[in-house]
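Source file: input.txt; contents: compact mmCIF, C-alpha atoms and all ligand atoms.
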# COMPACT_ATOMS: atom_id res chain seq x y z
CA MET A 109 139.13 102.41 89.48
CA ARG A 110 137.28 103.93 86.48
CA VAL A 111 133.70 102.69 86.84
CA GLY A 112 130.91 103.16 84.31
CA PHE A 113 127.13 102.86 84.49
CA ILE A 114 124.96 102.39 81.41
CA GLY A 115 121.35 103.24 82.32
CA THR A 116 121.27 105.81 85.12
CA GLY A 117 118.04 104.93 86.89
CA GLU A 118 117.04 103.77 90.38
CA ILE A 119 119.56 101.01 90.90
CA ALA A 120 122.50 102.71 89.17
CA ALA A 121 121.96 105.75 91.41
CA ALA A 122 122.03 103.55 94.52
CA MET A 123 125.28 101.89 93.39
CA VAL A 124 126.94 105.22 92.56
CA ARG A 125 125.99 106.52 96.01
CA GLY A 126 127.44 103.33 97.51
CA LEU A 127 130.75 104.00 95.74
CA ALA A 128 130.87 107.68 96.75
CA GLY A 129 133.92 108.98 98.56
CA ARG A 130 136.20 106.08 97.67
CA GLY A 131 138.34 107.78 95.03
CA HIS A 132 136.77 106.17 91.96
CA GLU A 133 136.31 108.00 88.67
CA ILE A 134 132.66 107.31 87.82
CA PHE A 135 131.05 107.73 84.39
CA VAL A 136 127.26 107.63 84.13
CA SER A 137 125.26 107.61 80.93
CA ALA A 138 123.22 110.73 80.23
CA ARG A 139 119.88 108.91 80.48
CA ASN A 140 118.06 109.47 82.74
CA ALA A 141 119.04 113.17 82.39
CA LYS A 142 117.61 114.19 85.76
CA THR A 143 119.26 111.35 87.72
CA SER A 144 122.63 111.68 85.98
CA ALA A 145 122.71 115.46 86.63
CA LEU A 146 121.73 114.87 90.27
CA LEU A 147 124.51 112.30 90.75
CA ALA A 148 127.11 114.55 89.09
CA ASP A 149 126.08 117.31 91.48
CA GLU A 150 125.94 115.13 94.58
CA VAL A 151 128.85 112.68 94.22
CA SER A 152 132.39 113.89 93.62
CA GLY A 153 134.17 112.20 90.69
CA VAL A 154 131.00 111.59 88.63
CA THR A 155 131.03 112.58 84.94
CA VAL A 156 127.98 112.37 82.65
CA ALA A 157 128.79 110.93 79.20
CA SER A 158 127.30 109.14 76.22
CA ASN A 159 126.88 105.35 76.44
CA ALA A 160 129.90 104.88 74.12
CA GLU A 161 132.09 107.22 76.20
CA VAL A 162 131.08 105.47 79.43
CA VAL A 163 132.22 102.14 78.00
CA ALA A 164 135.39 103.58 76.44
CA GLN A 165 136.45 105.33 79.68
CA SER A 166 135.75 102.55 82.20
CA ASP A 167 137.70 99.56 83.58
CA THR A 168 134.43 98.11 84.90
CA VAL A 169 131.03 98.76 83.33
CA PHE A 170 127.75 98.13 85.18
CA LEU A 171 124.78 97.42 82.94
CA CYS A 172 121.66 98.88 84.58
CA LEU A 173 119.20 98.96 81.67
CA MET A 174 115.87 97.27 81.14
CA ALA A 175 116.43 94.02 79.23
CA ASP A 176 114.78 95.08 75.95
CA VAL A 177 116.83 98.30 75.82
CA ALA A 178 120.02 96.37 76.63
CA ARG A 179 119.49 94.02 73.69
CA GLN A 180 119.15 97.06 71.39
CA VAL A 181 122.01 99.26 72.58
CA LEU A 182 124.79 96.96 73.87
CA PRO A 183 125.92 95.50 70.50
CA ASP A 184 126.91 99.01 69.27
CA LEU A 185 129.07 99.91 72.29
CA PRO A 186 132.90 99.69 72.24
CA PHE A 187 133.48 96.95 74.82
CA ARG A 188 137.09 95.73 75.09
CA ALA A 189 138.70 92.40 75.86
CA GLY A 190 140.02 92.61 79.42
CA GLN A 191 137.29 94.99 80.55
CA ALA A 192 135.00 93.84 83.37
CA VAL A 193 131.25 93.96 82.72
CA ILE A 194 128.73 93.46 85.52
CA SER A 195 125.02 93.29 84.76
CA VAL A 196 122.28 93.87 87.33
CA MET A 197 119.54 93.01 84.83
CA VAL A 198 116.94 90.32 85.24
CA ASP A 199 115.93 88.61 81.97
CA VAL A 200 119.41 88.79 80.33
CA PRO A 201 121.42 85.63 81.12
CA VAL A 202 125.21 85.72 81.24
CA THR A 203 125.45 83.64 78.04
CA ASP A 204 123.51 86.36 76.17
CA LEU A 205 125.74 89.05 77.66
CA HIS A 206 128.80 87.36 76.15
CA ALA A 207 127.29 87.87 72.70
CA LEU A 208 126.02 91.40 73.46
CA CYS A 209 129.27 92.70 75.01
CA ALA A 210 131.92 90.93 72.88
CA PRO A 211 134.89 91.00 72.92
CA ALA A 212 134.64 91.46 76.73
CA THR A 213 134.75 88.08 78.49
CA ASP A 214 134.99 89.05 82.18
CA ILE A 215 131.21 89.20 82.53
CA ALA A 216 129.09 88.59 85.63
CA CYS A 217 125.63 89.31 86.92
CA THR A 218 124.64 90.53 90.39
CA ILE A 219 121.46 91.63 92.19
CA PRO A 220 121.82 94.89 94.07
CA LEU A 221 118.91 96.40 95.97
CA SER A 222 118.59 100.02 97.07
CA ALA A 223 120.44 99.35 100.36
CA VAL A 224 123.67 99.11 98.34
CA ALA A 225 123.65 102.93 98.62
CA THR A 226 124.45 102.74 102.32
CA GLY A 227 126.38 99.44 102.45
CA GLY A 228 125.64 96.23 104.33
CA SER A 229 123.60 94.80 101.45
CA MET A 230 123.73 91.31 99.92
CA LEU A 231 125.11 90.91 96.39
CA PRO A 232 124.51 87.45 94.94
CA CYS A 233 126.82 87.00 91.96
CA TYR A 234 127.27 84.61 89.04
CA PRO A 235 129.92 83.85 88.01
CA ALA A 236 132.45 85.18 90.53
CA SER A 237 133.70 88.68 89.71
CA SER A 238 136.92 90.09 91.09
CA ALA A 239 135.81 93.56 89.95
CA LEU A 240 132.62 93.31 92.04
CA GLU A 241 134.68 92.06 94.99
CA THR A 242 137.10 94.99 94.66
CA LEU A 243 134.35 97.59 94.38
CA PHE A 244 131.82 96.35 96.95
CA GLY A 245 133.52 93.55 98.92
CA LYS A 246 134.54 95.81 101.83
CA THR A 247 131.11 97.39 102.35
CA ASP A 248 128.65 94.69 101.24
CA THR A 249 128.44 90.90 101.28
CA ILE A 250 129.25 89.30 97.93
CA LEU A 251 127.47 85.94 97.70
CA PRO A 252 128.82 83.85 94.80
CA VAL A 253 126.26 81.33 93.53
CA ALA A 254 126.92 78.21 91.47
CA SER A 255 124.81 78.68 88.34
CA GLN A 256 122.57 80.96 86.31
CA SER A 257 119.53 79.16 87.75
CA ALA A 258 120.76 79.75 91.29
CA LEU A 259 121.18 83.44 90.46
CA ASN A 260 117.69 83.57 88.94
CA ALA A 261 116.28 81.94 92.09
CA HIS A 262 117.94 84.77 94.04
CA PHE A 263 116.23 87.27 91.72
CA ALA A 264 112.95 85.71 92.91
CA GLY A 265 114.23 85.81 96.50
CA SER A 266 115.01 89.52 96.11
CA ALA A 267 111.33 90.03 95.25
CA LEU A 268 110.47 89.17 98.86
CA SER A 269 111.59 92.71 99.68
CA ALA A 270 108.56 94.72 98.54
CA PRO A 271 105.87 92.39 99.94
CA LEU A 272 107.57 92.03 103.32
CA ILE A 273 108.22 95.77 103.62
CA ALA A 274 104.59 96.39 102.58
CA LEU A 275 103.43 93.99 105.34
CA MET A 276 105.48 95.94 107.88
CA GLN A 277 103.97 99.16 106.55
CA THR A 278 100.44 97.74 106.89
CA GLY A 279 101.19 96.70 110.48
CA SER A 280 102.71 100.08 111.25
CA THR A 281 99.67 101.91 109.78
CA TRP A 282 97.40 99.77 111.94
CA LEU A 283 99.51 100.65 115.01
CA ALA A 284 99.36 104.36 114.10
CA ASP A 285 95.56 104.13 113.84
CA GLN A 286 95.53 103.04 117.49
CA THR A 287 98.10 105.55 118.79
CA GLY A 288 97.63 108.54 116.49
CA ASP A 289 101.40 108.79 115.90
CA PRO A 290 102.43 107.43 112.45
CA GLN A 291 106.09 108.41 112.80
CA ALA A 292 106.53 106.67 116.12
CA ALA A 293 104.63 103.63 114.82
CA GLU A 294 106.91 103.28 111.79
CA ALA A 295 110.03 103.80 113.93
CA TYR A 296 108.79 101.14 116.37
CA VAL A 297 108.00 98.51 113.72
CA ALA A 298 111.26 99.16 111.83
CA GLY A 299 113.21 99.11 115.11
CA VAL A 300 111.70 95.79 116.19
CA PHE A 301 112.81 94.13 112.95
CA ALA A 302 116.21 95.86 112.90
CA GLY A 303 116.71 94.40 116.40
CA PHE A 304 115.93 90.85 115.28
CA LEU A 305 118.21 91.17 112.24
CA ARG A 306 121.03 92.51 114.43
CA GLN A 307 120.46 89.58 116.80
CA MET A 308 120.85 87.18 113.86
CA GLN A 309 124.10 88.84 112.81
CA THR A 310 125.67 89.11 116.24
CA SER A 311 124.56 85.86 117.90
CA GLY A 312 124.22 83.62 114.83
CA ALA A 313 120.51 83.02 115.64
CA ASP A 314 118.52 81.64 112.69
CA PHE A 315 114.86 82.17 111.75
CA ASP A 316 113.87 79.05 113.76
CA THR A 317 115.52 80.40 116.90
CA LEU A 318 113.75 83.75 116.56
CA LEU A 319 110.39 82.04 115.97
CA GLN A 320 110.89 79.79 119.02
CA SER A 321 111.54 82.88 121.14
CA LEU A 322 108.18 84.25 119.94
CA ALA A 323 106.17 81.03 120.32
CA THR A 324 104.82 81.41 123.89
CA GLU A 325 101.59 79.40 123.96
CA GLY A 326 98.60 81.73 123.95
CA GLY A 327 100.95 84.68 123.32
CA LEU A 328 100.09 87.51 120.96
CA ASN A 329 102.81 86.54 118.46
CA ALA A 330 101.74 82.89 118.35
CA SER A 331 98.13 83.92 117.95
CA LEU A 332 98.75 86.34 115.05
CA LYS A 333 101.15 83.90 113.35
CA SER A 334 98.47 81.14 113.42
CA HIS A 335 95.89 83.56 112.05
CA MET A 336 98.18 84.47 109.13
CA GLN A 337 98.90 80.81 108.40
CA ASP A 338 95.22 79.78 108.68
CA THR A 339 94.08 82.56 106.36
CA GLY A 340 96.58 81.58 103.68
CA ALA A 341 99.19 84.38 103.80
CA HIS A 342 102.10 81.93 103.59
CA ASP A 343 100.48 79.93 100.79
CA ALA A 344 99.94 83.17 98.88
CA LEU A 345 103.62 84.03 99.24
CA ILE A 346 104.74 80.64 97.94
CA ALA A 347 102.23 80.82 95.07
CA GLY A 348 103.58 84.25 94.14
CA LEU A 349 107.18 82.98 94.14
CA GLU A 350 106.16 79.93 92.07
CA ALA A 351 104.47 82.25 89.56
CA LEU A 352 107.83 83.96 88.94
CA LYS A 353 109.46 80.69 87.87
CA PRO A 354 108.56 80.62 84.14
CA ARG A 355 109.96 84.12 83.57
CA LEU A 356 113.15 83.15 85.41
CA GLY A 357 113.51 79.80 83.61
CA LEU A 358 113.24 77.89 86.91
N1 LIG I 401 115.43 98.79 91.06
C1 LIG I 401 115.94 97.73 91.69
O1 LIG I 401 115.86 97.60 92.93
C2 LIG I 401 116.65 96.64 90.91
C3 LIG I 401 117.22 95.58 91.63
C4 LIG I 401 117.95 94.59 90.94
C5 LIG I 401 118.04 94.66 89.56
N2 LIG I 401 117.43 95.68 88.88
C6 LIG I 401 117.58 95.71 87.42
O2 LIG I 401 118.18 96.94 87.04
C7 LIG I 401 117.72 97.31 85.75
C8 LIG I 401 117.27 98.77 85.84
O3 LIG I 401 116.26 98.88 86.83
P1 LIG I 401 115.92 100.28 87.49
O4 LIG I 401 114.95 100.00 88.59
O5 LIG I 401 117.15 101.04 87.81
O6 LIG I 401 115.12 100.93 86.28
P2 LIG I 401 115.07 102.45 85.80
O7 LIG I 401 115.07 103.35 87.00
O8 LIG I 401 113.95 102.55 84.83
O9 LIG I 401 116.48 102.63 85.04
C9 LIG I 401 116.69 102.29 83.71
C10 LIG I 401 117.39 103.46 83.08
O10 LIG I 401 117.76 103.14 81.72
C11 LIG I 401 117.70 104.37 81.01
N3 LIG I 401 117.71 104.16 79.57
C12 LIG I 401 116.69 103.88 78.73
N4 LIG I 401 117.12 103.80 77.48
C13 LIG I 401 118.45 104.01 77.51
C14 LIG I 401 119.46 104.05 76.52
N5 LIG I 401 119.21 103.83 75.22
N6 LIG I 401 120.72 104.31 76.92
C15 LIG I 401 121.02 104.53 78.22
N7 LIG I 401 120.10 104.52 79.19
C16 LIG I 401 118.83 104.25 78.84
C17 LIG I 401 116.41 105.00 81.49
O11 LIG I 401 116.40 106.38 81.17
P3 LIG I 401 114.99 107.14 80.92
O12 LIG I 401 114.34 107.24 82.26
O13 LIG I 401 115.42 108.45 80.34
O14 LIG I 401 114.19 106.29 79.95
C18 LIG I 401 116.52 104.73 82.99
O15 LIG I 401 117.17 105.77 83.66
C19 LIG I 401 116.60 96.34 85.36
O16 LIG I 401 117.08 95.43 84.41
C20 LIG I 401 116.26 95.64 86.67
O17 LIG I 401 115.91 94.29 86.44
C21 LIG I 401 116.76 96.68 89.52
Could you take the file, read its structure, and then write that structure out as structure tokens?
Ligand SMILES: NC(=O)c1ccc[n+]([C@@H]2O[C@H](COP(=O)([O-])OP(=O)(O)OC[C@H]3O[C@@H](n4cnc5c(N)ncnc54)[C@H](OP(=O)(O)O)[C@@H]3O)[C@@H](O)[C@H]2O)c1
Amino acid sequence: MRVGFIGTGEIAAAMVRGLAGRGHEIFVSARNAKTSALLADEVSGVTVASNAEVVAQSDTVFLCLMADVARQVLPDLPFRAGQAVISVMVDVPVTDLHALCAPATDIACTIPLSAVATGGSMLPCYPASSALETLFGKTDTILPVASQSALNAHFAGSALSAPLIALMQTGSTWLADQTGDPQAAEAYVAGVFAGFLRQMQTSGADFDTLLQSLATEGGLNASLKSHMQDTGAHDALIAGLEALKPRLGL
């Protein structure tokens, strides 16, 4: 497939790396100059082009801009009827994209995170997109959702990533302070969680099952979990998610 990316930043780079080695012709817009040059050097089949050339050359175009930039540049680009357009942008609903990318009508929105570079990531999608399925369905999990609000709720859900990774990092730094070995501490903490996530995938265990297995009365896990609950960590998380609602129209 001929695949284009408008806005060659963090998330576009991850998606291009995820598509590497699969025989696609990939066109990336020249901005950001450093990232587009790096991708052209690193991934075979990548060509750097102007925004207009990216759109003209591609069967599927990924929109990876910031919302304000998208509203300025998209109306001038040569979108075609029959071309697939997939946005990864928060703050630009699909209804707006229909106006911005006319006459294209095969338009969807998804939420990649950096793990799309290595595969195995989750891609919520609204509405369903056969182009997204073709490009990422074999390596990642496409999760169709029923409405724009459901997709926006998943945007909020995706924001769990940084705080939960930061919590793991804080725990790992604390462990390293005790052992003097930061690398081993990070590998241990990451490995513990990778093990639980693998257990969920292979045995079908859910969060409740994992928590029950860690709930030994008087145990270290139960004790730290109570401390976190009593000191308001969970309430803070919910308050933070609730605070995202107005921006997401939820
Ligand atoms: N990062 C994530 O994990 C993530 C996850 C899900 C969704 N998203 C969404 O993805 C979008 C991009 O996020 P990002 O993290 O990849 O941001 P980013 O790294 O800042 O990428 C945006 C890119 O757009 C480029 N750009 C600016 N003006 C342009 C123009 N007129 N024409 C073409 N390109 C232009 C910027 O180039 P310059 O650097 O030269 O200005 C930059 O490379 C956002 O809407 C965000 O909501 C991101």
Considering all atoms listed in the file, tabulate each residue of chain A that lies at most 10 Å from ligand LIG 401 (chain I) along with its nearest interatomic pair and the corresponding distance in Å to one decimal; arrange the rows by chain and ascending residue number and present them as JSON lines.
{"residue": "A:Phe113", "atom": "CA", "partner": "I:LIG401", "partner_atom": "C15", "distance": 8.9}
{"residue": "A:Ile114", "atom": "CA", "partner": "I:LIG401", "partner_atom": "C15", "distance": 5.5}
{"residue": "A:Gly115", "atom": "CA", "partner": "I:LIG401", "partner_atom": "N7", "distance": 3.6}
{"residue": "A:Thr116", "atom": "CA", "partner": "I:LIG401", "partner_atom": "O15", "distance": 4.4}
{"residue": "A:Gly117", "atom": "CA", "partner": "I:LIG401", "partner_atom": "O9", "distance": 3.3}
{"residue": "A:Glu118", "atom": "CA", "partner": "I:LIG401", "partner_atom": "O5", "distance": 3.8}
{"residue": "A:Ile119", "atom": "CA", "partner": "I:LIG401", "partner_atom": "O5", "distance": 3.9}
{"residue": "A:Ala120", "atom": "CA", "partner": "I:LIG401", "partner_atom": "O5", "distance": 5.8}
{"residue": "A:Ala121", "atom": "CA", "partner": "I:LIG401", "partner_atom": "O5", "distance": 7.6}
{"residue": "A:Ala122", "atom": "CA", "partner": "I:LIG401", "partner_atom": "O5", "distance": 8.7}
{"residue": "A:Met123", "atom": "CA", "partner": "I:LIG401", "partner_atom": "O5", "distance": 9.9}
{"residue": "A:Val136", "atom": "CA", "partner": "I:LIG401", "partner_atom": "C15", "distance": 9.1}
{"residue": "A:Ser137", "atom": "CA", "partner": "I:LIG401", "partner_atom": "C15", "distance": 5.9}
{"residue": "A:Ala138", "atom": "CA", "partner": "I:LIG401", "partner_atom": "C15", "distance": 6.9}
{"residue": "A:Arg139", "atom": "CA", "partner": "I:LIG401", "partner_atom": "O11", "distance": 4.4}
{"residue": "A:Asn140", "atom": "CA", "partner": "I:LIG401", "partner_atom": "O13", "distance": 3.7}
{"residue": "A:Ala141", "atom": "CA", "partner": "I:LIG401", "partner_atom": "O13", "distance": 6.3}
{"residue": "A:Lys142", "atom": "CA", "partner": "I:LIG401", "partner_atom": "O13", "distance": 8.2}
{"residue": "A:Thr143", "atom": "CA", "partner": "I:LIG401", "partner_atom": "O15", "distance": 7.2}
{"residue": "A:Ser144", "atom": "CA", "partner": "I:LIG401", "partner_atom": "O15", "distance": 8.4}
{"residue": "A:Ser158", "atom": "CA", "partner": "I:LIG401", "partner_atom": "C15", "distance": 8.0}
{"residue": "A:Asn159", "atom": "CA", "partner": "I:LIG401", "partner_atom": "C15", "distance": 6.2}
{"residue": "A:Ala160", "atom": "CA", "partner": "I:LIG401", "partner_atom": "N6", "distance": 9.6}
{"residue": "A:Phe170", "atom": "CA", "partner": "I:LIG401", "partner_atom": "O2", "distance": 9.8}
{"residue": "A:Leu171", "atom": "CA", "partner": "I:LIG401", "partner_atom": "C7", "distance": 7.6}
{"residue": "A:Cys172", "atom": "CA", "partner": "I:LIG401", "partner_atom": "C7", "distance": 4.4}
{"residue": "A:Leu173", "atom": "CA", "partner": "I:LIG401", "partner_atom": "O10", "distance": 4.4}
{"residue": "A:Met174", "atom": "CA", "partner": "I:LIG401", "partner_atom": "O16", "distance": 3.9}
{"residue": "A:Ala175", "atom": "CA", "partner": "I:LIG401", "partner_atom": "O16", "distance": 5.4}
{"residue": "A:Asp176", "atom": "CA", "partner": "I:LIG401", "partner_atom": "O16", "distance": 8.8}
{"residue": "A:Val177", "atom": "CA", "partner": "I:LIG401", "partner_atom": "N4", "distance": 5.8}
{"residue": "A:Ala178", "atom": "CA", "partner": "I:LIG401", "partner_atom": "N5", "distance": 7.6}
{"residue": "A:Arg179", "atom": "CA", "partner": "I:LIG401", "partner_atom": "N5", "distance": 9.9}
{"residue": "A:Gln180", "atom": "CA", "partner": "I:LIG401", "partner_atom": "N5", "distance": 7.8}
{"residue": "A:Val181", "atom": "CA", "partner": "I:LIG401", "partner_atom": "N5", "distance": 6.0}
{"residue": "A:Leu182", "atom": "CA", "partner": "I:LIG401", "partner_atom": "N6", "distance": 8.9}
{"residue": "A:Ser195", "atom": "CA", "partner": "I:LIG401", "partner_atom": "O2", "distance": 8.1}
{"residue": "A:Val196", "atom": "CA", "partner": "I:LIG401", "partner_atom": "C5", "distance": 4.9}
{"residue": "A:Met197", "atom": "CA", "partner": "I:LIG401", "partner_atom": "O16", "distance": 3.5}
{"residue": "A:Val198", "atom": "CA", "partner": "I:LIG401", "partner_atom": "O17", "distance": 4.3}
{"residue": "A:Asp199", "atom": "CA", "partner": "I:LIG401", "partner_atom": "O17", "distance": 7.2}
{"residue": "A:Val200", "atom": "CA", "partner": "I:LIG401", "partner_atom": "O16", "distance": 8.1}
{"residue": "A:Cys217", "atom": "CA", "partner": "I:LIG401", "partner_atom": "C5", "distance": 9.7}
{"residue": "A:Thr218", "atom": "CA", "partner": "I:LIG401", "partner_atom": "C5", "distance": 7.8}
{"residue": "A:Ile219", "atom": "CA", "partner": "I:LIG401", "partner_atom": "C4", "distance": 4.8}
{"residue": "A:Pro220", "atom": "CA", "partner": "I:LIG401", "partner_atom": "C4", "distance": 5.0}
{"residue": "A:Leu221", "atom": "CA", "partner": "I:LIG401", "partner_atom": "O1", "distance": 4.5}
{"residue": "A:Ser222", "atom": "CA", "partner": "I:LIG401", "partner_atom": "O1", "distance": 5.5}
{"residue": "A:Ala223", "atom": "CA", "partner": "I:LIG401", "partner_atom": "O1", "distance": 8.9}
{"residue": "A:Val224", "atom": "CA", "partner": "I:LIG401", "partner_atom": "O1", "distance": 9.6}
{"residue": "A:Leu231", "atom": "CA", "partner": "I:LIG401", "partner_atom": "C4", "distance": 9.7}
{"residue": "A:Phe263", "atom": "CA", "partner": "I:LIG401", "partner_atom": "C4", "distance": 7.6}
{"residue": "A:Ser266", "atom": "CA", "partner": "I:LIG401", "partner_atom": "C4", "distance": 7.8}
{"residue": "A:Ala267", "atom": "CA", "partner": "I:LIG401", "partner_atom": "C3", "distance": 8.9}
{"residue": "A:Ser269", "atom": "CA", "partner": "I:LIG401", "partner_atom": "O1", "distance": 9.4}
{"residue": "A:Ala270", "atom": "CA", "partner": "I:LIG401", "partner_atom": "O1", "distance": 9.6}
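In terms of minimum interatomic distance to Asp184 in chain A, A:Val163 ranks closest within A:Val163, A:Leu127, A:Ala323, A:Val151, counting all atoms listed in the file.
Taking CA of Val111 in chain A as the reference point, CA of Ile134 in chain A is found at 4.8 Å.
Coordinates place CA of Ser229 in chain A at a distance of 10.3 Å from CA of Gly245 in chain A.
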- Message: Give me, as number ranges by chain, all polymer residues having an atom no more than 8 Å from Ala284 in chain A, counting all atoms listed in the file and skipping those fewer than 5 positions away in the same chain.
- Response: A: 289-294
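From CA of Pro235 in chain A back to CA of Leu272 in chain A, the distance works out to 28.3 Å.
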- Query: Hey, which of A:Leu356, A:Ala128, A:Leu251, A:Ile346 ends up closest to Asp149 in chain A? Count all atoms listed in the file.
  - Reply: A:Ala128
- Counting all atoms listed in the file, which of A:Thr226, A:Asn260, A:Ser321, A:Thr278 gets nearest to Asp248 in chain A? A:Thr226
- Selection: 10 Å around Gln277 in chain A, only C-alpha atoms, excl. self and same-chain fewer than 3 positions, as a VMD selection string: chain A and resid 271 to 274 280 to 283 293 to 294 297 to 298
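With distances taken over all atoms listed in the file, A:Val202 is the one residue among A:Val169, A:Leu305, A:Val202, A:Ala261 lying closest to Ala236 in chain A.
Closest approach to Ala302 in chain A among A:Leu240, A:Val124, A:Met276, A:Ala216 is made by A:Met276 (distances from only C-alpha atoms).
Nearest-residue note for Ala192 in chain A: choosing from A:Val156, A:Ala264, A:Met109, A:Leu318, the minimum distance belongs to A:Met109, counting all atoms listed in the file.
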